[in-house]
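> Let me begin by handing over the structure; questions about it come next.
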Amino acid sequence: MIKLNYQNADKSIIGEENGLDIDAEFSNYKEQIANIIGDLNKRKDKPGQWLQWMNLGYSEETLWYVKEYASMVEGRFENILVLGIGGSALGGMAVTEALLKPYWNYLSDEQRNGLPRLFFLDNIDPDTITGLLSFLDLKKTLVNVITKSGSTAETMSQFMIVKNILEQELGADYRYNVVATTDKKTGILRQIAEQEGYKTFVVPDDVGGRFSVFSAVGLLPFALVGLDVDEIVNGIKDMDLALKNTDIRENIAAQNALIHYLMDTKKGKNLSVMMPYSSKLKYVSDWYVQLWAESLGKNKDKNGNDVHIGPTPIKALGATDQHSQIQLYNEGPNDKVINFIRVGEFDNNLEIPPIFEYTGIGYLGGKTVNQLLNAEADATRVVLADYQRPNVTITLDRVDGYNVAQLLYMLEIQTAIAGELYNVDAFNQPGVEQAKNYTYALMGRKGYEESAQVLKEKMAVS
Ligand code: PA5
């Protein structure tokens with residue numbers, strides 16, 4: 001199981017002013033945390049609670065359909081192209097970057113064991129879309145369009161462009177190159193999929209985008225590129241079991257949620273840095289940024305009071321960002337909690353040759369890059385503690401499906417618990433919806449005429 005070390009958030013290490021008395025706080029919050037965990041597990045099956053993501057590890061049916069479809073299309077496509085944005089893309093990107101061989105799309109067919117290349121289009125930059133489509137042979141590409149609402153302008157505009165080209169090239173058969181992941185009944189993509197005869201997968205009810213990585217939103221692309229989805233599901237299930245423990249001393253998600261919450265509310269540290277020391281985990285930080293920001297950044301609490309709260313997440317990568325951000329974290333404002341992710345074993349043990357012994361870099365020779373990376377992680381967290389900067393370390397034995405699934409699921413539960421501590425609805429995103437509505441209005445969508453008028457006036461003023 002993955003582990004959490006929080007000693008560098010304790011006052012015994014980083015001093016009274018910046019550190020917490022963690023043992024005492026665990027006792028103070030024992031009952032509240034137990035109630036939160038118990039309550040989440042009770043509410044998770046009830047409709048309208050947006051907690052169905054807690055059941056995704058147990059959805060045998062989805063797993064079966066995903067695997068069946070992946071084996072049906074095996075060998076038919078050279079590329080998978082995922083169209084989606086936000087929660088419909090970030091989880092897929094985080095997990096595939098972690099689990100596929102590095103530089104996957106540059107490898108030969110043989111090196112990829114005949115499995116397809118994988119591309120995500122998660123933005124609407126005209127140059128990158130044009131660039132991708134200029135070399136991607138869409139006839140040999142399976143397009144997985146993912147949108148829960150079925151109407152997100154970014155995703156649907158990408159899809160309209162891709163569909164047009166596909167149809168020109170393949171005629172009516174183009175539909176065999178499309179698989180849509182969307183709501184089971186509602187939304188424009190559902191309507192189109194039925195009309196055009198696409199294969200579809202479902203984003204289940206009560207699963208928000210940023211909590212959807214272990215639904216077909218993620219599992220389908222994972223299976224299509226040959227990842228072991230059973231291993232991933234086992235990781236979720238084992239972590240779910242561990243996090244059902246209502247005792248905060250045994251529950252790492254509750255521990256990290258409470259530490260972040262108290263650091264923010266008691267010590268004024270409302271920035272949360274996610275810094276894996278593994279390039280393969282780079283996009284876990286992007287995914288975490290969305291999860292933490294959209295879930296906890298709210299203007300009202302659950303009682304309707306104006307609160308305008310939420311810790312700000314920041315992404316970083318070790319060791320790279322030691323040469324970019326760490327100066328600020330050590331010596332700048334003491335307003336952050338840094339989450340390190342440390343990996344025990346890497347797939348490769350890369351030795352540094354014992355050359356240049358006669359120079360100042362001779363000490364590196366004969367060591368491994370693995371040792372160097374983890375030495376840098378350890379040195380950085382100790383230096384931060386020396387500067388009295390709170391930091392916690394999450395340790396993964398290795399970057400595999402089992403551990404990465406545990407990590408993501410643990411961070412989801414941590415977010416849900418933090419939402420309860422802040423007393424906000426962690427599962428809505430009214431701030432995002434409003435910008436979506438304004439975009440629809442600006443682009444002339446029917447039904448948004450009134451917003452368009454208001455917008456025009458506002459834009460003229462600014
Ligand atoms: O987490 C969320 O709910 C959002 O980030 C959505 O995933 C994002 O806005 C995309 O929405 P949709 O899946 O409806 O296209």
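Ordered as shown in the structure tokens, chains take letters A, B, and onward, while each chain numbers its residues from 1 and ligands are numbered from 1 in the order shown.
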Would you kindly return, as a count of residues only, each protein, DNA or RNA residue with an atom no farther than 10 Å from any atom of range 410-420 of chain A, considering only C-alpha atoms and excluding same-chain residues fewer than 3 positions away?

48

> Which residues form the shell of 8 Å around ligand 1 when you count only C-alpha atoms and all ligand atoms, given as a PyMOL selection string?

chain A and resi 84-89+146-155+182+208-211+290-291+294+428-429+432-433

> Could you write those residues out with N, CA, C and O atoms, as an mmCIF file, in the first residue's frame?


```cif
data_model
loop_
_atom_site.group_PDB
_atom_site.id
_atom_site.type_symbol
_atom_site.label_atom_id
_atom_site.label_comp_id
_atom_site.auth_asym_id
_atom_site.auth_seq_id
_atom_site.Cartn_x
_atom_site.Cartn_y
_atom_site.Cartn_z
ATOM 1 N N GLY A 84 -11.447 15.406 -25.313
ATOM 2 C CA GLY A 84 -12.097 15.672 -24.025
ATOM 3 C C GLY A 84 -11.348 16.809 -23.363
ATOM 4 O O GLY A 84 -10.262 17.197 -23.807
ATOM 5 N N ILE A 85 -11.914 17.320 -22.299
ATOM 6 C CA ILE A 85 -11.253 18.432 -21.597
ATOM 7 C C ILE A 85 -11.550 18.326 -20.106
ATOM 8 O O ILE A 85 -12.569 17.734 -19.706
ATOM 9 N N GLY A 86 -10.672 18.904 -19.276
ATOM 10 C CA GLY A 86 -10.889 18.883 -17.814
ATOM 11 C C GLY A 86 -10.959 17.447 -17.320
ATOM 12 O O GLY A 86 -10.114 16.610 -17.657
ATOM 13 N N GLY A 87 -11.997 17.167 -16.564
ATOM 14 C CA GLY A 87 -12.152 15.841 -15.985
ATOM 15 C C GLY A 87 -12.314 14.745 -17.015
ATOM 16 O O GLY A 87 -12.126 13.563 -16.702
ATOM 17 N N SER A 88 -12.631 15.099 -18.228
ATOM 18 C CA SER A 88 -12.777 14.081 -19.271
ATOM 19 C C SER A 88 -11.443 13.749 -19.942
ATOM 20 O O SER A 88 -11.410 12.916 -20.848
ATOM 21 N N ALA A 89 -10.376 14.411 -19.530
ATOM 22 C CA ALA A 89 -9.075 14.146 -20.151
ATOM 23 C C ALA A 89 -7.946 13.944 -19.131
ATOM 24 O O ALA A 89 -7.078 13.093 -19.321
ATOM 25 N N ILE A 146 -15.108 12.127 -25.429
ATOM 26 C CA ILE A 146 -15.575 11.974 -24.041
ATOM 27 C C ILE A 146 -16.134 13.296 -23.531
ATOM 28 O O ILE A 146 -15.420 14.300 -23.446
ATOM 29 N N THR A 147 -17.404 13.309 -23.211
ATOM 30 C CA THR A 147 -17.986 14.475 -22.538
ATOM 31 C C THR A 147 -19.246 14.048 -21.790
ATOM 32 O O THR A 147 -20.161 13.495 -22.389
ATOM 33 N N LYS A 148 -19.215 14.296 -20.493
ATOM 34 C CA LYS A 148 -20.361 13.883 -19.676
ATOM 35 C C LYS A 148 -21.603 14.676 -20.065
ATOM 36 O O LYS A 148 -22.668 14.122 -20.276
ATOM 37 N N SER A 149 -21.441 15.986 -20.184
ATOM 38 C CA SER A 149 -22.595 16.830 -20.505
ATOM 39 C C SER A 149 -23.032 16.625 -21.955
ATOM 40 O O SER A 149 -24.180 16.833 -22.304
ATOM 41 N N GLY A 150 -22.089 16.241 -22.786
ATOM 42 C CA GLY A 150 -22.404 16.021 -24.207
ATOM 43 C C GLY A 150 -22.448 17.299 -25.008
ATOM 44 O O GLY A 150 -22.811 17.281 -26.195
ATOM 45 N N SER A 151 -22.054 18.415 -24.401
ATOM 46 C CA SER A 151 -22.196 19.674 -25.137
ATOM 47 C C SER A 151 -21.017 20.626 -24.956
ATOM 48 O O SER A 151 -21.056 21.743 -25.456
ATOM 49 N N THR A 152 -19.985 20.213 -24.239
ATOM 50 C CA THR A 152 -18.855 21.117 -23.995
ATOM 51 C C THR A 152 -18.291 21.616 -25.327
ATOM 52 O O THR A 152 -17.935 20.815 -26.206
ATOM 53 N N ALA A 153 -18.218 22.934 -25.452
ATOM 54 C CA ALA A 153 -17.895 23.529 -26.761
ATOM 55 C C ALA A 153 -16.529 23.083 -27.280
ATOM 56 O O ALA A 153 -16.373 22.798 -28.471
ATOM 57 N N GLU A 154 -15.541 22.995 -26.377
ATOM 58 C CA GLU A 154 -14.194 22.620 -26.825
ATOM 59 C C GLU A 154 -14.211 21.220 -27.430
ATOM 60 O O GLU A 154 -13.719 20.992 -28.544
ATOM 61 N N THR A 155 -14.785 20.296 -26.678
ATOM 62 C CA THR A 155 -14.777 18.901 -27.118
ATOM 63 C C THR A 155 -15.636 18.714 -28.367
ATOM 64 O O THR A 155 -15.238 18.025 -29.316
ATOM 65 N N THR A 182 -20.276 9.160 -22.730
ATOM 66 C CA THR A 182 -21.135 10.285 -22.330
ATOM 67 C C THR A 182 -22.251 9.802 -21.400
ATOM 68 O O THR A 182 -22.277 8.629 -21.016
ATOM 69 N N GLY A 208 -18.879 13.151 -11.082
ATOM 70 C CA GLY A 208 -18.437 14.395 -11.723
ATOM 71 C C GLY A 208 -17.184 14.147 -12.548
ATOM 72 O O GLY A 208 -16.458 13.172 -12.320
ATOM 73 N N GLY A 209 -16.918 15.042 -13.505
ATOM 74 C CA GLY A 209 -15.782 14.861 -14.408
ATOM 75 C C GLY A 209 -14.476 14.564 -13.692
ATOM 76 O O GLY A 209 -13.767 13.612 -14.007
ATOM 77 N N ARG A 210 -14.156 15.380 -12.678
ATOM 78 C CA ARG A 210 -12.841 15.222 -12.043
ATOM 79 C C ARG A 210 -12.750 13.981 -11.170
ATOM 80 O O ARG A 210 -11.668 13.640 -10.681
ATOM 81 N N PHE A 211 -13.880 13.303 -10.957
ATOM 82 C CA PHE A 211 -13.867 12.047 -10.199
ATOM 83 C C PHE A 211 -14.139 10.846 -11.118
ATOM 84 O O PHE A 211 -14.514 9.786 -10.648
ATOM 85 N N GLN A 290 -6.685 20.142 -10.749
ATOM 86 C CA GLN A 290 -8.106 20.299 -11.057
ATOM 87 C C GLN A 290 -8.986 19.781 -9.916
ATOM 88 O O GLN A 290 -9.955 20.416 -9.499
ATOM 89 N N LEU A 291 -8.612 18.604 -9.415
ATOM 90 C CA LEU A 291 -9.416 17.960 -8.361
ATOM 91 C C LEU A 291 -9.527 18.860 -7.133
ATOM 92 O O LEU A 291 -10.618 19.111 -6.613
ATOM 93 N N GLU A 294 -11.187 22.689 -8.232
ATOM 94 C CA GLU A 294 -12.626 22.749 -8.552
ATOM 95 C C GLU A 294 -13.479 22.241 -7.401
ATOM 96 O O GLU A 294 -14.617 22.664 -7.223
ATOM 97 N N ASN A 428 -19.719 20.185 -6.913
ATOM 98 C CA ASN A 428 -20.279 21.063 -7.952
ATOM 99 C C ASN A 428 -19.179 21.997 -8.469
ATOM 100 O O ASN A 428 -18.066 22.010 -7.946
ATOM 101 N N GLN A 429 -19.485 22.729 -9.508
ATOM 102 C CA GLN A 429 -18.497 23.666 -10.066
ATOM 103 C C GLN A 429 -19.212 24.833 -10.740
ATOM 104 O O GLN A 429 -19.063 25.054 -11.942
ATOM 105 N N VAL A 432 -17.303 27.176 -13.024
ATOM 106 C CA VAL A 432 -16.925 26.698 -14.360
ATOM 107 C C VAL A 432 -18.131 26.796 -15.285
ATOM 108 O O VAL A 432 -18.029 27.187 -16.443
ATOM 109 N N GLU A 433 -19.271 26.431 -14.745
ATOM 110 C CA GLU A 433 -20.488 26.410 -15.569
ATOM 111 C C GLU A 433 -20.791 27.798 -16.126
ATOM 112 O O GLU A 433 -21.208 27.943 -17.269
#
```

> Under the rule that only C-alpha atoms are counted, which of A:Leu364, A:Asp247, A:Tyr6, A:Leu224 is the nearest residue to Gly92 in chain A?

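Among A:Leu364, A:Asp247, A:Tyr6, A:Leu224, it is A:Leu224 that comes nearest to Gly92 in chain A.
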
> Rank nothing, just name the residue among A:Leu350, A:Leu384, A:Val82, A:Ala316 nearest to Asn334 in chain A, using only C-alpha atoms.

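Among the listed residues, A:Leu384 lies closest to Asn334 in chain A.
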
> Among the residues of range 70-255 of chain A, find those DSSP assigns to strand (DSSP E) from the backbone and print them as a ChimeraX atom specification.

/A:79-83,117-121,141-147,178-182,199-202

> Can you write out the residues you just picked, keeping C-alpha atoms, as a short mmCIF file (atom, residue, chain, number, x, y, z; two decimals), in the first residue's frame?


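And here's out-v6.cif as it stands now:
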```cif
data_model
loop_
_atom_site.label_atom_id
_atom_site.label_comp_id
_atom_site.auth_asym_id
_atom_site.auth_seq_id
_atom_site.Cartn_x
_atom_site.Cartn_y
_atom_site.Cartn_z
CA ASN A 79 -3.88 5.29 -33.12
CA ILE A 80 -6.31 6.19 -30.38
CA LEU A 81 -7.35 9.85 -30.31
CA VAL A 82 -9.09 11.01 -27.15
CA LEU A 83 -11.15 14.20 -27.40
CA ARG A 117 -0.31 5.16 -30.23
CA LEU A 118 -2.31 7.44 -27.96
CA PHE A 119 -3.10 11.13 -28.43
CA PHE A 120 -5.14 13.45 -26.24
CA LEU A 121 -6.58 16.67 -27.63
CA THR A 141 -7.51 6.03 -35.79
CA LEU A 142 -10.16 5.22 -33.23
CA VAL A 143 -11.61 8.46 -31.92
CA ASN A 144 -12.86 8.33 -28.33
CA VAL A 145 -14.93 11.47 -27.75
CA ILE A 146 -15.58 11.97 -24.04
CA THR A 147 -17.99 14.48 -22.54
CA VAL A 178 -15.83 6.58 -33.27
CA VAL A 179 -16.60 5.57 -29.72
CA ALA A 180 -18.45 8.06 -27.53
CA THR A 181 -18.31 8.19 -23.72
CA THR A 182 -21.13 10.29 -22.33
CA LYS A 199 -20.53 2.52 -30.06
CA THR A 200 -21.01 4.21 -26.68
CA PHE A 201 -19.85 3.97 -23.09
CA VAL A 202 -21.45 5.64 -20.13
#
```

> Would you list, as a VMD selection string, the residues of range 325-454 of chain A that end up in helix (DSSP H, G or I) under DSSP run on this structure's backbone?

chain A and resid 326 to 331 362 to 364 369 to 386 401 to 422 430 to 442 449 to 454

> Can you pull out the residues contacting Arg381 in chain A? Cut-off 9 Å, using only C-alpha atoms, and skip same-chain residues under 5 positions away; I want them as a PyMOL selection string.

chain A and resi 8+338+340+376+386+389-393

> Which is closer to Val289 in chain A than all the others in A:Gly15, A:Leu90, A:Phe346, A:Gly218, using only C-alpha atoms?

A:Leu90

> Pick out the closest residue to Val383 in chain A from this set: A:Ala452, A:Ile13, A:Tyr440, A:Glu231. Count only C-alpha atoms.

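Distance minimum relative to Val383 in chain A lands on A:Ile13.
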
> Just checking: using only C-alpha atoms, which residue out of A:Leu133, A:Phe356, A:Asp205, A:Asn18 ends up closest to Pro333 in chain A?

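Of A:Leu133, A:Phe356, A:Asp205, A:Asn18, the one nearest Pro333 in chain A, counting only C-alpha atoms, is A:Asn18.
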
> Quick one, how far is CA of Glu351 in chain A from CA of Leu372 in chain A?

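Here the two named atoms are 10.2 Å from each other.
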
> Quick one: of A:Val337, A:Leu421, A:Val203, A:Met263, who's nearest to Gln52 in chain A, counting only C-alpha atoms?

A:Val203

> Write out as a PyMOL selection string which residues come within 7 Å of Gly366 in chain A when counting only C-alpha atoms, dropping same-chain ones fewer than 3 positions away.

chain A and resi 351-354
